[in-house]
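Notes follow the structure.
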Amino acid sequence: RQHLPVSFAYHTLCMPGSLEGLRALSPAEEYLRIVASAAARGLAPPDKTVLITGASGYLGQHLIAHLARTFPTWRLAAAYGGLDTFAEDFGAVCACVQLDLTDGAAVTALVSEVKPDVVLHLAAISSPAVCERDPARARAVNECPPLLAAVPAHACFVFLSTDQVYDGLAAPYTEMSAAAPVNVYGQSKLSFERALTAALPSRSVCLRSSLILGPPTPGRCRKGSFLQFCAERLSAGTATDFFSDEVRSVVWVGDIVSILASLARDGVSPQSAGVYNMGGPERVTRVEVAEAVAAQGGYDAPQLIRPVARSSLPPAARAVASPPDISMDSTKLRSLTGHPATRLAEMVAGAAAAAGASPF
């Protein structure tokens, strides 16, 4: 796979081979080192400074690649977890800083040094199963009080929430629908939503995202989107069970990137602040997503796609509560941004085109 080229002069900040001697530095100290290195090379001050958490994840990588191309005079401070290859893949286009969100002092110090104009908060423990196994850690990471407390007075804040704040019993959901999460993951995200809107009511946006689909990431990543999973199973000829009774408003990663970039560029006003559903225009199951991938790739769907009702599984196989239908009406967000929503067939075709000859 092609990784990001070292060709963005302003952002050539954290180069491979320079990391081993720096592991004892705190996140704030590492950020200061990167900024000092840029200043020493005579690079101009940035037009805007954006702090992105969860930068090494699937959405984070697509977002950073887009922002670096589109806004080359912005400083991108990319906070990431434990993905060792992230700084190597993205150090040419952003200031890569490893950060543990459960370390409140480190979070506070980093935000204080970055002084962001915009915070794009994508980081989370996003696996419901992992959240259920360790709810205390899930809440520490996903609720992260020190991050809110440290945000500068002038900054706007955009939070990636989830459709799993809904219980799945009264779809399609609007922003006026009651939020009643059925698992720890949804509960922790809703808790941060409420803390954010209370702390920054006129300069924050919460985006309740559906399942994100898209092409492979520009750098190495632990996990792709569900499209990559489907393509890998189908291309290998492996018959696979897919849930037929869980419904989502799947959303294209490119649409989310465009929305986040627009909010970062334009900021958040009292008129635009608030909570928004962020899903695509169709209600689909995982079976239907797999069938769309099979149609695009010419795979034998009846032989390889086995529809299974999650509700039919034994209790031991459904240890984590999962809302059955959390499809959403995202008209409010589309009215705000003016950005059209991508349909499933277009997502699948776009991911296939971006992946080229490899399974997408």
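In the structure tokens, chains take the letters A, B, ... in the order shown, each chain's residues start at 1, and ligands count up from 1 in the order shown.
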
Discussion item. What's around Pro152 (chain A) at 8 Å? Count only C-alpha atoms, leave out sequence neighbours fewer than 6 positions away in its own chain, and write the answer as JSON, numbers by chain.
Written reply: {"A": [112, 115, 116, 117]}

Once you have the residues from the selection above, write them out as a PDB file, in the first residue's frame, restricted to C-alpha atoms.
```pdb
ATOM      1  CA  SER A 112      -2.174  23.902  27.139  1.00  0.00           C
ATOM      2  CA  LYS A 115      -3.503  26.040  22.266  1.00  0.00           C
ATOM      3  CA  PRO A 116      -5.879  24.730  19.596  1.00  0.00           C
ATOM      4  CA  ASP A 117      -8.322  26.895  17.718  1.00  0.00           C
TER       5      ASP A 117
END
```

Fill in: Residues flagged helix (DSSP H, G or I) by DSSP in region 79-217 of chain A, as number ranges by chain
A: 86-90, 104-114, 128-133, 135-143, 145-150, 163-165, 184-199

Discussion item. Could you list, as a ChimeraX atom specification, every residue within 10 Å of Asp300 (chain A), counting only C-alpha atoms and ignoring same-chain residues fewer than 3 positions away?
Written reply: /A:234-235,237,239,291,294-295,297,303-305

Could you dump the residues just selected with N, CA and C atoms as a PDB file, in the first residue's frame?
```pdb
ATOM      1  N   LEU A 234     -15.103 -12.291   1.167  1.00  0.00           N
ATOM      2  CA  LEU A 234     -15.655 -12.714  -0.111  1.00  0.00           C
ATOM      3  C   LEU A 234     -14.559 -13.095  -1.103  1.00  0.00           C
ATOM      4  N   SER A 235     -13.496 -12.312  -1.152  1.00  0.00           N
ATOM      5  CA  SER A 235     -12.420 -12.600  -2.105  1.00  0.00           C
ATOM      6  C   SER A 235     -11.681 -13.880  -1.748  1.00  0.00           C
ATOM      7  N   GLY A 237     -13.247 -16.446  -0.630  1.00  0.00           N
ATOM      8  CA  GLY A 237     -14.205 -17.526  -0.808  1.00  0.00           C
ATOM      9  C   GLY A 237     -14.680 -18.130   0.494  1.00  0.00           C
ATOM     10  N   ALA A 239     -17.289 -18.537   3.371  1.00  0.00           N
ATOM     11  CA  ALA A 239     -18.688 -18.315   3.748  1.00  0.00           C
ATOM     12  C   ALA A 239     -18.731 -17.694   5.141  1.00  0.00           C
ATOM     13  N   GLU A 291     -23.885  -7.878   0.517  1.00  0.00           N
ATOM     14  CA  GLU A 291     -24.426  -8.161  -0.819  1.00  0.00           C
ATOM     15  C   GLU A 291     -23.997  -7.086  -1.827  1.00  0.00           C
ATOM     16  N   ALA A 294     -20.478  -7.875  -2.727  1.00  0.00           N
ATOM     17  CA  ALA A 294     -20.457  -9.043  -3.609  1.00  0.00           C
ATOM     18  C   ALA A 294     -20.849  -8.658  -5.034  1.00  0.00           C
ATOM     19  N   ALA A 295     -21.856  -7.807  -5.156  1.00  0.00           N
ATOM     20  CA  ALA A 295     -22.290  -7.379  -6.495  1.00  0.00           C
ATOM     21  C   ALA A 295     -21.194  -6.594  -7.193  1.00  0.00           C
ATOM     22  N   GLY A 297     -17.940  -6.827  -6.670  1.00  0.00           N
ATOM     23  CA  GLY A 297     -16.781  -7.659  -6.962  1.00  0.00           C
ATOM     24  C   GLY A 297     -17.075  -8.901  -7.773  1.00  0.00           C
ATOM     25  N   GLN A 303     -23.766 -18.213  -1.961  1.00  0.00           N
ATOM     26  CA  GLN A 303     -22.870 -19.217  -1.386  1.00  0.00           C
ATOM     27  C   GLN A 303     -22.035 -18.669  -0.231  1.00  0.00           C
ATOM     28  N   LEU A 304     -21.716 -17.398  -0.275  1.00  0.00           N
ATOM     29  CA  LEU A 304     -20.744 -16.838   0.669  1.00  0.00           C
ATOM     30  C   LEU A 304     -21.357 -15.999   1.778  1.00  0.00           C
ATOM     31  N   ILE A 305     -22.568 -15.496   1.581  1.00  0.00           N
ATOM     32  CA  ILE A 305     -23.221 -14.628   2.573  1.00  0.00           C
ATOM     33  C   ILE A 305     -24.345 -15.400   3.240  1.00  0.00           C
TER      34      ILE A 305
END
```

Fill in: Distance query Leu101 (chain A) at most 12 Å, only C-alpha atoms, self and fewer than 4 positions along chain excluded, as a VMD selection string
chain A and resid 27 53 to 54 79 to 82 97 105 to 111 121 to 125 137 to 148

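Relative to CA of Asp163 (chain A), CA of Ser209 (chain A) is found at 5.5 Å.
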
Worksheet entry | Who sits within 10 Å of region 222-227 of chain A, only C-alpha atoms, same chain under 4 positions skipped, as a VMD selection string | chain A and resid 56 to 59 83 211 to 217 231 to 232 253 286 289 to 290 292 to 293 347 to 348 351 to 352 359 to 360

Fill in: Distance of CA of Thr162 (chain A) from CA of Ser258 (chain A), expressed in Å to one decimal place
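Going from CA of Ser258 (chain A) over to CA of Thr162 (chain A), I get 17.8 Å.
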
Worksheet item: Interatomic distance between CA of Ala178 (chain A) and CA of Ala198 (chain A)?
Response: 17.6 Å

Interface rows for region 71-116 of chain A against region 63-66 of chain A: nearest pair, Å to one decimal, 10 Å, only C-alpha atoms, as JSON lines:
```
{"residue": "A:Phe71", "atom": "CA", "partner": "A:His66", "partner_atom": "CA", "distance": 8.3}
{"residue": "A:Pro72", "atom": "CA", "partner": "A:His66", "partner_atom": "CA", "distance": 9.9}
{"residue": "A:Leu76", "atom": "CA", "partner": "A:Ile64", "partner_atom": "CA", "distance": 7.7}
{"residue": "A:Ala77", "atom": "CA", "partner": "A:Ile64", "partner_atom": "CA", "distance": 9.6}
{"residue": "A:Ala78", "atom": "CA", "partner": "A:Ile64", "partner_atom": "CA", "distance": 8.1}
{"residue": "A:Phe90", "atom": "CA", "partner": "A:Ala65", "partner_atom": "CA", "distance": 8.4}
{"residue": "A:Val93", "atom": "CA", "partner": "A:Ala65", "partner_atom": "CA", "distance": 7.8}
{"residue": "A:Cys94", "atom": "CA", "partner": "A:Ile64", "partner_atom": "CA", "distance": 7.7}
```

Taking N, CA, C and O atoms for each residue, export the selection above as a JSON list (two decimals), in the first residue's frame.
```json
[["chain", "number", "residue", "atom", "x", "y", "z"],
["A", 71, "PHE", "N", -5.56, 22.25, 3.57],
["A", 71, "PHE", "CA", -5.18, 23.42, 4.36],
["A", 71, "PHE", "C", -3.70, 23.32, 4.75],
["A", 71, "PHE", "O", -3.36, 23.10, 5.92],
["A", 72, "PRO", "N", -2.80, 23.47, 3.81],
["A", 72, "PRO", "CA", -1.38, 23.23, 4.09],
["A", 72, "PRO", "C", -0.75, 24.23, 5.06],
["A", 72, "PRO", "O", 0.35, 23.96, 5.56],
["A", 76, "LEU", "N", -1.45, 20.84, 12.33],
["A", 76, "LEU", "CA", -2.25, 19.70, 12.75],
["A", 76, "LEU", "C", -1.53, 18.98, 13.88],
["A", 76, "LEU", "O", -0.46, 18.40, 13.67],
["A", 77, "ALA", "N", -2.10, 19.02, 15.07],
["A", 77, "ALA", "CA", -1.56, 18.29, 16.21],
["A", 77, "ALA", "C", -2.36, 17.01, 16.35],
["A", 77, "ALA", "O", -3.55, 17.04, 16.66],
["A", 78, "ALA", "N", -1.71, 15.88, 16.08],
["A", 78, "ALA", "CA", -2.40, 14.60, 15.99],
["A", 78, "ALA", "C", -2.08, 13.75, 17.22],
["A", 78, "ALA", "O", -0.97, 13.22, 17.35],
["A", 90, "PHE", "N", 2.66, 9.32, 9.18],
["A", 90, "PHE", "CA", 2.04, 10.64, 9.13],
["A", 90, "PHE", "C", 2.91, 11.77, 9.66],
["A", 90, "PHE", "O", 2.49, 12.93, 9.65],
["A", 93, "VAL", "N", 3.17, 15.11, 7.76],
["A", 93, "VAL", "CA", 2.05, 16.01, 7.53],
["A", 93, "VAL", "C", 1.41, 16.55, 8.80],
["A", 93, "VAL", "O", 0.50, 17.36, 8.73],
["A", 94, "CYS", "N", 1.86, 16.09, 9.97],
["A", 94, "CYS", "CA", 1.28, 16.59, 11.22],
["A", 94, "CYS", "C", 2.25, 16.37, 12.37],
["A", 94, "CYS", "O", 3.21, 15.61, 12.25]]
```

Considering only C-alpha atoms, tabulate each residue of region 97-151 of chain A that lies at most 10 Å from region 179-183 of chain A along with its nearest interatomic pair and the corresponding distance in Å to one decimal; arrange the rows by chain and ascending residue number and present them as a tab-separated table.
```
residue	atom	partner	partner_atom	distance
A:Pro128	CA	A:Asn183	CA	7.0
A:Ala129	CA	A:Asn183	CA	9.1
A:Cys131	CA	A:Asn183	CA	8.3
A:Glu132	CA	A:Asn183	CA	7.3
A:Pro135	CA	A:Asn183	CA	9.8
```
